[in-house]
$ cat upload37.cif   # mmCIF, C-alpha atoms and all ligand atoms
data_protein
loop_
_atom_site.group_PDB
_atom_site.id
_atom_site.type_symbol
_atom_site.label_atom_id
_atom_site.label_comp_id
_atom_site.auth_asym_id
_atom_site.auth_seq_id
_atom_site.Cartn_x
_atom_site.Cartn_y
_atom_site.Cartn_z
ATOM 1 C CA MET A 1 4.594 38.704 1.985
ATOM 2 C CA ASN A 2 3.045 35.204 2.072
ATOM 3 C CA LYS A 3 1.376 35.833 5.417
ATOM 4 C CA GLN A 4 0.059 39.165 4.149
ATOM 5 C CA LYS A 5 -1.434 37.442 1.100
ATOM 6 C CA GLU A 6 -2.916 34.763 3.352
ATOM 7 C CA LEU A 7 -4.511 37.401 5.576
ATOM 8 C CA LEU A 8 -6.063 39.167 2.575
ATOM 9 C CA LYS A 9 -7.403 35.857 1.238
ATOM 10 C CA LYS A 10 -8.909 34.991 4.632
ATOM 11 C CA ILE A 11 -10.620 38.375 4.880
ATOM 12 C CA ARG A 12 -12.103 37.791 1.431
ATOM 13 C CA GLU A 13 -13.326 34.330 2.431
ATOM 14 C CA PHE A 14 -14.777 35.756 5.644
ATOM 15 C CA MET A 15 -16.709 38.440 3.751
ATOM 16 C CA ILE A 16 -18.028 35.945 1.194
ATOM 17 C CA LEU A 17 -19.116 33.612 3.997
ATOM 18 C CA ASN A 18 -20.857 36.439 5.826
ATOM 19 C CA LEU A 19 -22.688 37.342 2.601
ATOM 20 C CA GLU A 20 -23.731 33.748 1.971
ATOM 21 C CA ILE A 21 -25.020 33.384 5.540
ATOM 22 C CA LYS A 22 -27.146 36.520 5.113
ATOM 23 C CA LYS A 23 -28.534 35.266 1.779
ATOM 24 C CA LEU A 24 -29.547 31.966 3.390
ATOM 25 C CA MET A 25 -31.092 33.763 6.355
ATOM 26 C CA ASN A 26 -33.135 35.844 3.945
ATOM 27 C CA ALA A 27 -34.280 32.762 2.070
ATOM 28 C CA LEU A 28 -35.244 31.066 5.331
ATOM 29 C CA ASN A 29 -36.935 34.160 6.770
ATOM 30 C CA VAL A 30 -34.762 34.073 9.846
ATOM 31 C CA ASP A 31 -35.544 36.519 12.651
ATOM 32 C CA GLU A 32 -34.829 40.097 11.567
ATOM 33 C CA GLU A 33 -32.973 40.730 14.807
ATOM 34 C CA VAL A 34 -30.590 37.848 14.104
ATOM 35 C CA TYR A 35 -30.092 38.928 10.491
ATOM 36 C CA ASN A 36 -29.308 42.473 11.617
ATOM 37 C CA ILE A 37 -26.505 41.251 13.865
ATOM 38 C CA TYR A 38 -24.789 39.709 10.833
ATOM 39 C CA GLU A 39 -25.384 42.926 8.924
ATOM 40 C CA GLU A 40 -23.766 44.771 11.818
ATOM 41 C CA ILE A 41 -20.706 42.527 11.549
ATOM 42 C CA THR A 42 -20.342 43.520 7.878
ATOM 43 C CA LYS A 43 -20.389 47.193 8.870
ATOM 44 C CA MET A 44 -18.087 46.721 11.856
ATOM 45 C CA VAL A 45 -15.269 45.169 9.830
ATOM 46 C CA ARG A 46 -15.590 47.547 6.878
ATOM 47 C CA GLU A 47 -13.165 50.216 8.070
ATOM 48 C CA PRO A 48 -10.597 47.798 9.601
ATOM 49 C CA ASN A 49 -10.667 45.835 6.335
ATOM 50 C CA LYS A 50 -9.980 48.990 4.334
ATOM 51 C CA ILE A 51 -6.939 49.644 6.536
ATOM 52 C CA ILE A 52 -5.629 46.124 5.867
ATOM 53 C CA TYR A 53 -6.309 46.302 2.100
ATOM 54 C CA LYS A 54 -4.310 49.533 1.883
ATOM 55 C CA LYS A 55 -1.531 48.466 4.256
ATOM 56 C CA PHE A 56 -0.858 45.249 2.341
ATOM 57 C CA TYR A 57 -1.614 46.624 -1.120
ATOM 58 C CA ASN A 58 1.567 45.254 -2.672
ATOM 59 C CA ALA A 59 0.812 41.754 -1.358
ATOM 60 C CA GLY A 60 -2.743 41.979 -2.754
ATOM 61 C CA LYS A 61 -1.357 42.744 -6.210
ATOM 62 C CA GLU A 62 0.617 39.495 -6.090
ATOM 63 C CA ILE A 63 -2.381 37.263 -5.316
ATOM 64 C CA TYR A 64 -2.934 34.709 -8.068
ATOM 65 C CA TYR A 65 -6.548 34.388 -9.269
ATOM 66 C CA LYS A 66 -6.797 30.916 -10.718
ATOM 67 C CA GLU A 67 -10.158 31.608 -12.395
ATOM 68 C CA TYR A 68 -8.462 34.349 -14.441
ATOM 69 C CA GLY A 69 -5.118 32.559 -14.750
ATOM 70 C CA ARG A 70 -3.200 35.654 -13.636
ATOM 71 C CA LYS A 71 -2.032 37.662 -10.682
ATOM 72 C CA ARG A 72 -4.199 40.604 -9.657
ATOM 73 C CA LYS A 73 -1.573 43.090 -10.850
ATOM 74 C CA ASP A 74 -1.922 41.645 -14.377
ATOM 75 C CA ILE A 75 -5.700 42.027 -14.523
ATOM 76 C CA ALA A 76 -6.662 45.439 -15.868
ATOM 77 C CA TRP A 77 -9.914 45.954 -13.997
ATOM 78 C CA PHE A 78 -10.221 49.152 -11.980
ATOM 79 C CA PRO A 79 -11.999 52.487 -12.155
ATOM 80 C CA THR A 80 -10.684 55.741 -13.540
ATOM 81 C CA ILE A 81 -12.097 59.171 -12.795
ATOM 82 C CA ASP A 82 -13.218 61.606 -15.475
ATOM 83 C CA TYR A 83 -12.143 64.882 -13.884
ATOM 84 C CA GLU A 84 -14.267 66.875 -16.348
ATOM 85 C CA LYS A 85 -17.294 65.414 -14.554
ATOM 86 C CA CYS A 86 -15.998 64.756 -11.035
ATOM 87 C CA LYS A 87 -17.304 67.218 -8.426
ATOM 88 C CA ASN A 88 -15.007 65.908 -5.701
ATOM 89 C CA CYS A 89 -18.022 64.974 -3.554
ATOM 90 C CA LYS A 90 -15.987 62.126 -2.003
ATOM 91 C CA LYS A 91 -18.932 59.699 -1.998
ATOM 92 C CA CYS A 92 -16.884 57.042 -3.759
ATOM 93 C CA ILE A 93 -14.320 57.133 -0.949
ATOM 94 C CA ASP A 94 -17.003 56.268 1.607
ATOM 95 C CA PHE A 95 -18.785 53.815 -0.664
ATOM 96 C CA CYS A 96 -15.929 51.553 -1.764
ATOM 97 C CA PRO A 97 -15.453 48.674 0.707
ATOM 98 C CA LYS A 98 -11.986 47.939 -0.699
ATOM 99 C CA GLY A 99 -10.456 51.359 -0.143
ATOM 100 C CA VAL A 100 -9.762 51.949 -3.834
ATOM 101 C CA TYR A 101 -10.314 55.720 -3.631
ATOM 102 C CA GLU A 102 -8.523 58.200 -1.445
ATOM 103 C CA LEU A 103 -8.230 61.920 -0.914
ATOM 104 C CA GLU A 104 -4.861 63.383 -1.852
ATOM 105 C CA ASN A 105 -4.231 67.125 -1.669
ATOM 106 C CA ASN A 106 -8.003 67.457 -1.276
ATOM 107 C CA LYS A 107 -8.632 65.681 -4.607
ATOM 108 C CA THR A 108 -10.356 62.293 -4.929
ATOM 109 C CA ILE A 109 -8.082 59.856 -6.709
ATOM 110 C CA VAL A 110 -7.922 56.134 -7.534
ATOM 111 C CA LYS A 111 -5.060 55.350 -5.205
ATOM 112 C CA TYR A 112 -5.316 51.559 -4.912
ATOM 113 C CA PRO A 113 -6.698 50.403 -8.289
ATOM 114 C CA PHE A 114 -5.842 46.715 -7.898
ATOM 115 C CA ASN A 115 -7.937 46.512 -4.722
ATOM 116 C CA CYS A 116 -11.033 46.748 -6.932
ATOM 117 C CA ILE A 117 -13.234 43.649 -7.085
ATOM 118 C CA ILE A 118 -12.742 42.111 -10.532
ATOM 119 C CA ASN A 119 -15.681 42.768 -12.873
ATOM 120 C CA CYS A 120 -17.599 44.817 -10.302
ATOM 121 C CA ASN A 121 -18.550 48.387 -11.183
ATOM 122 C CA ALA A 122 -21.026 49.119 -8.401
ATOM 123 C CA CYS A 123 -19.614 52.520 -7.485
ATOM 124 C CA SER A 124 -20.123 53.876 -11.005
ATOM 125 C CA TYR A 125 -23.908 53.601 -10.766
ATOM 126 C CA MET A 126 -24.540 53.295 -7.008
ATOM 127 C CA CYS A 127 -22.703 56.337 -5.734
ATOM 128 C CA CYS A 128 -21.470 58.651 -8.469
ATOM 129 C CA GLU A 129 -24.342 60.904 -9.535
ATOM 130 C CA ASN A 130 -22.000 62.720 -11.880
ATOM 131 C CA ASN A 131 -21.112 59.690 -14.024
ATOM 132 C CA ALA A 132 -17.466 60.441 -13.446
ATOM 133 C CA ILE A 133 -16.387 56.873 -12.694
ATOM 134 C CA ILE A 134 -15.353 54.846 -15.729
ATOM 135 C CA PHE A 135 -14.713 51.101 -15.967
ATOM 136 C CA PRO A 136 -13.455 49.075 -18.938
ATOM 137 C CA GLU A 137 -16.279 48.376 -21.404
ATOM 138 C CA LYS A 138 -15.482 44.693 -21.605
ATOM 139 C CA LYS A 139 -15.476 42.486 -18.520
ATOM 140 C CA ILE A 140 -12.487 40.280 -17.783
ATOM 141 C CA ASP A 141 -12.833 36.808 -19.268
ATOM 142 C CA LYS A 142 -12.429 33.828 -17.021
ATOM 143 C CA TYR A 143 -9.648 31.414 -17.786
ATOM 144 C CA ASN A 144 -10.769 27.928 -18.791
HETATM 145 S S1 LIG B 1 -18.398 60.003 -6.405
HETATM 146 FE FE1 LIG B 1 -17.950 60.690 -8.486
HETATM 147 S S2 LIG B 1 -18.084 62.933 -8.384
HETATM 148 FE FE2 LIG B 1 -17.882 62.187 -6.287
HETATM 149 S S3 LIG B 1 -15.662 62.255 -5.895
HETATM 150 FE FE3 LIG B 1 -16.148 60.189 -6.606
HETATM 151 S S4 LIG B 1 -15.770 60.282 -8.811
HETATM 152 FE FE4 LIG B 1 -15.931 62.375 -8.104
HETATM 153 S S1 LIG B 2 -16.385 48.457 -8.061
HETATM 154 FE FE1 LIG B 2 -16.514 48.125 -5.889
HETATM 155 S S2 LIG B 2 -14.450 47.569 -5.266
HETATM 156 FE FE2 LIG B 2 -14.276 48.490 -7.280
HETATM 157 S S3 LIG B 2 -13.844 50.631 -6.883
HETATM 158 FE FE3 LIG B 2 -16.055 50.460 -7.093
HETATM 159 S S4 LIG B 2 -16.860 50.154 -5.034
HETATM 160 FE FE4 LIG B 2 -14.637 49.779 -4.984
#

$ encode --input "upload37.cif" --output "structure tokens" --more "lines below"
Ligand code: SF4
Ligand code: SF4
Amino acid sequence: MNKQKELLKKIREFMILNLEIKKLMNALNVDEEVYNIYEEITKMVREPNKIIYKKFYNAGKEIYYKEYGRKRKDIAWFPTIDYEKCKNCKKCIDFCPKGVYELENNKTIVKYPFNCIINCNACSYMCCENNAIIFPEKKIDKYN
């Protein structure tokens, strides 16, 4: 379990680092070709990362987030689907980089809720045209 948690933390650090490098490249107007290679890396690891996030889901729930003073499993931040509005288009499954959504018996469900990035709600306005994805109204407070 500890090694699984470590792996998940390292992947997170890797993705944050990759993002920070791209931001700096943008700010410094680095060659587009060079920037695109880093962008390609982000895309390349997307699917393998999803496999890892799902495979070690139970370990991910046990990760302690010191900024929130709790383990991930004790932080109630994840999407729910309003099935009155959901058209089962499956866009959220493709969109989510953390593998939160999955198809089960041909129905889109929130299968891995605690994989969701805390206080992010990007999928609700970036991919769901039907407004079927709901997040908590209040963001999670940081622990001081
Ligand atoms: S993107 Fe929205 S409408 Fe499409 S499957 Fe997901 S929740 Fe349902
Ligand atoms: S907010 Fe981000 S991580 Fe959370 S379910 Fe939506 S796309 Fe996935």

$ resolve_selection --input "upload37.cif" --expression "the PyMOL selection byres (((chain A and resi 56) around 12) and not hetatm)" --output "list of chain:residue names"
A:Met1, A:Asn2, A:Lys3, A:Gln4, A:Lys5, A:Glu6, A:Leu7, A:Leu8, A:Lys9, A:Asn49, A:Lys50, A:Ile51, A:Ile52, A:Tyr53, A:Lys54, A:Lys55, A:Tyr57, A:Asn58, A:Ala59, A:Gly60, A:Lys61, A:Glu62, A:Ile63, A:Lys98, A:Gly99, A:Tyr112, A:Phe114, A:Asn115

$ closest_residue --input "upload37.cif" --among "A:Tyr83, A:Tyr101, A:Tyr68, A:Phe95" --to "A:Ala132" --atoms "all atoms listed in the file"
A:Tyr83

$ axis_aligned_box --input "upload37.cif" --around "stretch 69-83 of chain A" --padding-each-side "8 Å" --output "JSON"
{"center_x": -7.4, "center_y": 48.7, "center_z": -12.8, "size_x": 27.6, "size_y": 48.3, "size_z": 22.2}

$ closest_residue --input "upload37.cif" --among "A:Ile140, A:Thr42, A:Lys91, A:Glu32" --to "A:Arg72" --atoms "only C-alpha atoms"
A:Ile140

$ atom_distance --input "upload37.cif" --atom1 "atom CA of A:Asn36" --atom2 "atom CA of A:Ile21"
11.7 Å

$ residues_around --input "upload37.cif" --residues "A:Pro113" --least-positions-apart "2" --cutoff "6 Å" --atoms "only C-alpha atoms" --output "NGL selection string"
:A and (78 or 100 or 110 or 115-116)

$ write_last_selection --input "upload37.cif" --atoms "C-alpha atoms" --output "PDB file, in the coordinates of the input"
ATOM      1  CA  PHE A  78     -10.221  49.152 -11.980  1.00  0.00           C
ATOM      2  CA  VAL A 100      -9.762  51.949  -3.834  1.00  0.00           C
ATOM      3  CA  VAL A 110      -7.922  56.134  -7.534  1.00  0.00           C
ATOM      4  CA  ASN A 115      -7.937  46.512  -4.722  1.00  0.00           C
ATOM      5  CA  CYS A 116     -11.033  46.748  -6.932  1.00  0.00           C
TER       6      CYS A 116
END

$ closest_residue --input "upload37.cif" --among "A:Leu17, A:Ile37, A:Leu103, A:Ile75" --to "A:Lys142" --atoms "only C-alpha atoms"
A:Ile75

$ closest_residue --input "upload37.cif" --among "A:Phe135, A:Trp77, A:Tyr125, A:Tyr38" --to "A:Asn18" --atoms "only C-alpha atoms"
A:Tyr38

$ atom_distance --input "upload37.cif" --atom1 "atom CA of A:Cys92" --atom2 "atom CA of A:Glu104"
13.7 Å

$ closest_residue --input "upload37.cif" --among "A:Thr80, A:Asn130, A:Asn26, A:Asn105" --to "ligand LIG 1 (chain B)" --atoms "only C-alpha atoms and all ligand atoms"
A:Asn130

$ atom_distance --input "upload37.cif" --atom1 "atom CA of A:Ile118" --atom2 "atom CA of A:Glu137"
13.0 Å

$ residues_near_ligand --input "upload37.cif" --ligand "ligand LIG 1 (chain B)" --cutoff "6 Å" --atoms "only C-alpha atoms and all ligand atoms" --output "PyMOL selection string"
chain A and resi 81+86-92+108+127-128+130+132-133

$ residues_around --input "upload37.cif" --residues "A:Asp141" --least-positions-apart "5" --cutoff "10 Å" --atoms "only C-alpha atoms" --output "ChimeraX atom specification"
/A:67-69,119

$ closest_residue --input "upload37.cif" --among "A:Ile117, A:Ile93, A:Ile109, A:Met25" --to "ligand LIG 2 (chain B)" --atoms "all atoms listed in the file"
A:Ile117

$ build_atoms --input "upload37.cif" --residues "stretch 25-56 of chain A" --atoms "N, CA and C atoms" --output "PDB file, in the coordinates of the input"
ATOM      1  N   MET A  25     -30.168  33.286   5.323  1.00  0.00           N
ATOM      2  CA  MET A  25     -31.092  33.763   6.355  1.00  0.00           C
ATOM      3  C   MET A  25     -32.306  34.417   5.724  1.00  0.00           C
ATOM      4  N   ASN A  26     -32.037  35.199   4.673  1.00  0.00           N
ATOM      5  CA  ASN A  26     -33.135  35.844   3.945  1.00  0.00           C
ATOM      6  C   ASN A  26     -34.076  34.815   3.359  1.00  0.00           C
ATOM      7  N   ALA A  27     -33.477  33.803   2.715  1.00  0.00           N
ATOM      8  CA  ALA A  27     -34.280  32.762   2.070  1.00  0.00           C
ATOM      9  C   ALA A  27     -35.099  31.981   3.093  1.00  0.00           C
ATOM     10  N   LEU A  28     -34.567  31.854   4.289  1.00  0.00           N
ATOM     11  CA  LEU A  28     -35.244  31.066   5.331  1.00  0.00           C
ATOM     12  C   LEU A  28     -36.087  31.933   6.271  1.00  0.00           C
ATOM     13  N   ASN A  29     -36.175  33.216   5.931  1.00  0.00           N
ATOM     14  CA  ASN A  29     -36.935  34.160   6.770  1.00  0.00           C
ATOM     15  C   ASN A  29     -36.539  34.123   8.239  1.00  0.00           C
ATOM     16  N   VAL A  30     -35.249  34.100   8.460  1.00  0.00           N
ATOM     17  CA  VAL A  30     -34.762  34.073   9.846  1.00  0.00           C
ATOM     18  C   VAL A  30     -35.108  35.399  10.518  1.00  0.00           C
ATOM     19  N   ASP A  31     -35.281  35.338  11.825  1.00  0.00           N
ATOM     20  CA  ASP A  31     -35.544  36.519  12.651  1.00  0.00           C
ATOM     21  C   ASP A  31     -34.792  37.755  12.177  1.00  0.00           C
ATOM     22  N   GLU A  32     -35.478  38.862  12.032  1.00  0.00           N
ATOM     23  CA  GLU A  32     -34.829  40.097  11.567  1.00  0.00           C
ATOM     24  C   GLU A  32     -33.704  40.520  12.514  1.00  0.00           C
ATOM     25  N   GLU A  33     -33.965  40.330  13.797  1.00  0.00           N
ATOM     26  CA  GLU A  33     -32.973  40.730  14.807  1.00  0.00           C
ATOM     27  C   GLU A  33     -31.653  39.968  14.605  1.00  0.00           C
ATOM     28  N   VAL A  34     -31.775  38.687  14.325  1.00  0.00           N
ATOM     29  CA  VAL A  34     -30.590  37.848  14.104  1.00  0.00           C
ATOM     30  C   VAL A  34     -29.878  38.291  12.826  1.00  0.00           C
ATOM     31  N   TYR A  35     -30.665  38.483  11.769  1.00  0.00           N
ATOM     32  CA  TYR A  35     -30.092  38.928  10.491  1.00  0.00           C
ATOM     33  C   TYR A  35     -29.327  40.239  10.668  1.00  0.00           C
ATOM     34  N   ASN A  36     -29.922  41.150  11.442  1.00  0.00           N
ATOM     35  CA  ASN A  36     -29.308  42.473  11.617  1.00  0.00           C
ATOM     36  C   ASN A  36     -27.964  42.400  12.328  1.00  0.00           C
ATOM     37  N   ILE A  37     -27.799  41.410  13.181  1.00  0.00           N
ATOM     38  CA  ILE A  37     -26.505  41.251  13.865  1.00  0.00           C
ATOM     39  C   ILE A  37     -25.422  40.913  12.842  1.00  0.00           C
ATOM     40  N   TYR A  38     -25.760  40.047  11.891  1.00  0.00           N
ATOM     41  CA  TYR A  38     -24.789  39.709  10.833  1.00  0.00           C
ATOM     42  C   TYR A  38     -24.503  40.916   9.944  1.00  0.00           C
ATOM     43  N   GLU A  39     -25.536  41.696   9.708  1.00  0.00           N
ATOM     44  CA  GLU A  39     -25.384  42.926   8.924  1.00  0.00           C
ATOM     45  C   GLU A  39     -24.448  43.894   9.664  1.00  0.00           C
ATOM     46  N   GLU A  40     -24.608  43.903  10.974  1.00  0.00           N
ATOM     47  CA  GLU A  40     -23.766  44.771  11.818  1.00  0.00           C
ATOM     48  C   GLU A  40     -22.291  44.354  11.726  1.00  0.00           C
ATOM     49  N   ILE A  41     -22.082  43.041  11.678  1.00  0.00           N
ATOM     50  CA  ILE A  41     -20.706  42.527  11.549  1.00  0.00           C
ATOM     51  C   ILE A  41     -20.076  43.053  10.257  1.00  0.00           C
ATOM     52  N   THR A  42     -20.837  43.018   9.170  1.00  0.00           N
ATOM     53  CA  THR A  42     -20.342  43.520   7.878  1.00  0.00           C
ATOM     54  C   THR A  42     -19.885  44.972   8.033  1.00  0.00           C
ATOM     55  N   LYS A  43     -20.719  45.765   8.713  1.00  0.00           N
ATOM     56  CA  LYS A  43     -20.389  47.193   8.870  1.00  0.00           C
ATOM     57  C   LYS A  43     -19.193  47.380   9.799  1.00  0.00           C
ATOM     58  N   MET A  44     -19.163  46.573  10.861  1.00  0.00           N
ATOM     59  CA  MET A  44     -18.087  46.721  11.856  1.00  0.00           C
ATOM     60  C   MET A  44     -16.696  46.498  11.267  1.00  0.00           C
ATOM     61  N   VAL A  45     -16.599  45.512  10.357  1.00  0.00           N
ATOM     62  CA  VAL A  45     -15.269  45.169   9.830  1.00  0.00           C
ATOM     63  C   VAL A  45     -14.891  45.978   8.576  1.00  0.00           C
ATOM     64  N   ARG A  46     -15.819  46.788   8.110  1.00  0.00           N
ATOM     65  CA  ARG A  46     -15.590  47.547   6.878  1.00  0.00           C
ATOM     66  C   ARG A  46     -14.341  48.446   6.961  1.00  0.00           C
ATOM     67  N   GLU A  47     -14.294  49.278   7.964  1.00  0.00           N
ATOM     68  CA  GLU A  47     -13.165  50.216   8.070  1.00  0.00           C
ATOM     69  C   GLU A  47     -11.846  49.490   8.388  1.00  0.00           C
ATOM     70  N   PRO A  48     -11.835  48.543   9.375  1.00  0.00           N
ATOM     71  CA  PRO A  48     -10.597  47.798   9.601  1.00  0.00           C
ATOM     72  C   PRO A  48     -10.115  47.073   8.345  1.00  0.00           C
ATOM     73  N   ASN A  49     -11.051  46.522   7.578  1.00  0.00           N
ATOM     74  CA  ASN A  49     -10.667  45.835   6.335  1.00  0.00           C
ATOM     75  C   ASN A  49      -9.990  46.798   5.366  1.00  0.00           C
ATOM     76  N   LYS A  50     -10.565  47.994   5.248  1.00  0.00           N
ATOM     77  CA  LYS A  50      -9.980  48.990   4.334  1.00  0.00           C
ATOM     78  C   LYS A  50      -8.539  49.273   4.739  1.00  0.00           C
ATOM     79  N   ILE A  51      -8.302  49.365   6.043  1.00  0.00           N
ATOM     80  CA  ILE A  51      -6.939  49.644   6.536  1.00  0.00           C
ATOM     81  C   ILE A  51      -5.991  48.518   6.098  1.00  0.00           C
ATOM     82  N   ILE A  52      -6.465  47.284   6.249  1.00  0.00           N
ATOM     83  CA  ILE A  52      -5.629  46.124   5.867  1.00  0.00           C
ATOM     84  C   ILE A  52      -5.390  46.099   4.354  1.00  0.00           C
ATOM     85  N   TYR A  53      -6.462  46.333   3.572  1.00  0.00           N
ATOM     86  CA  TYR A  53      -6.309  46.302   2.100  1.00  0.00           C
ATOM     87  C   TYR A  53      -5.269  47.329   1.641  1.00  0.00           C
ATOM     88  N   LYS A  54      -5.267  48.485   2.279  1.00  0.00           N
ATOM     89  CA  LYS A  54      -4.310  49.533   1.883  1.00  0.00           C
ATOM     90  C   LYS A  54      -2.904  49.200   2.387  1.00  0.00           C
ATOM     91  N   LYS A  55      -2.835  48.758   3.637  1.00  0.00           N
ATOM     92  CA  LYS A  55      -1.531  48.466   4.256  1.00  0.00           C
ATOM     93  C   LYS A  55      -0.772  47.384   3.479  1.00  0.00           C
ATOM     94  N   PHE A  56      -1.516  46.366   3.035  1.00  0.00           N
ATOM     95  CA  PHE A  56      -0.858  45.249   2.341  1.00  0.00           C
ATOM     96  C   PHE A  56      -1.178  45.259   0.840  1.00  0.00           C
TER      97      PHE A  56
END
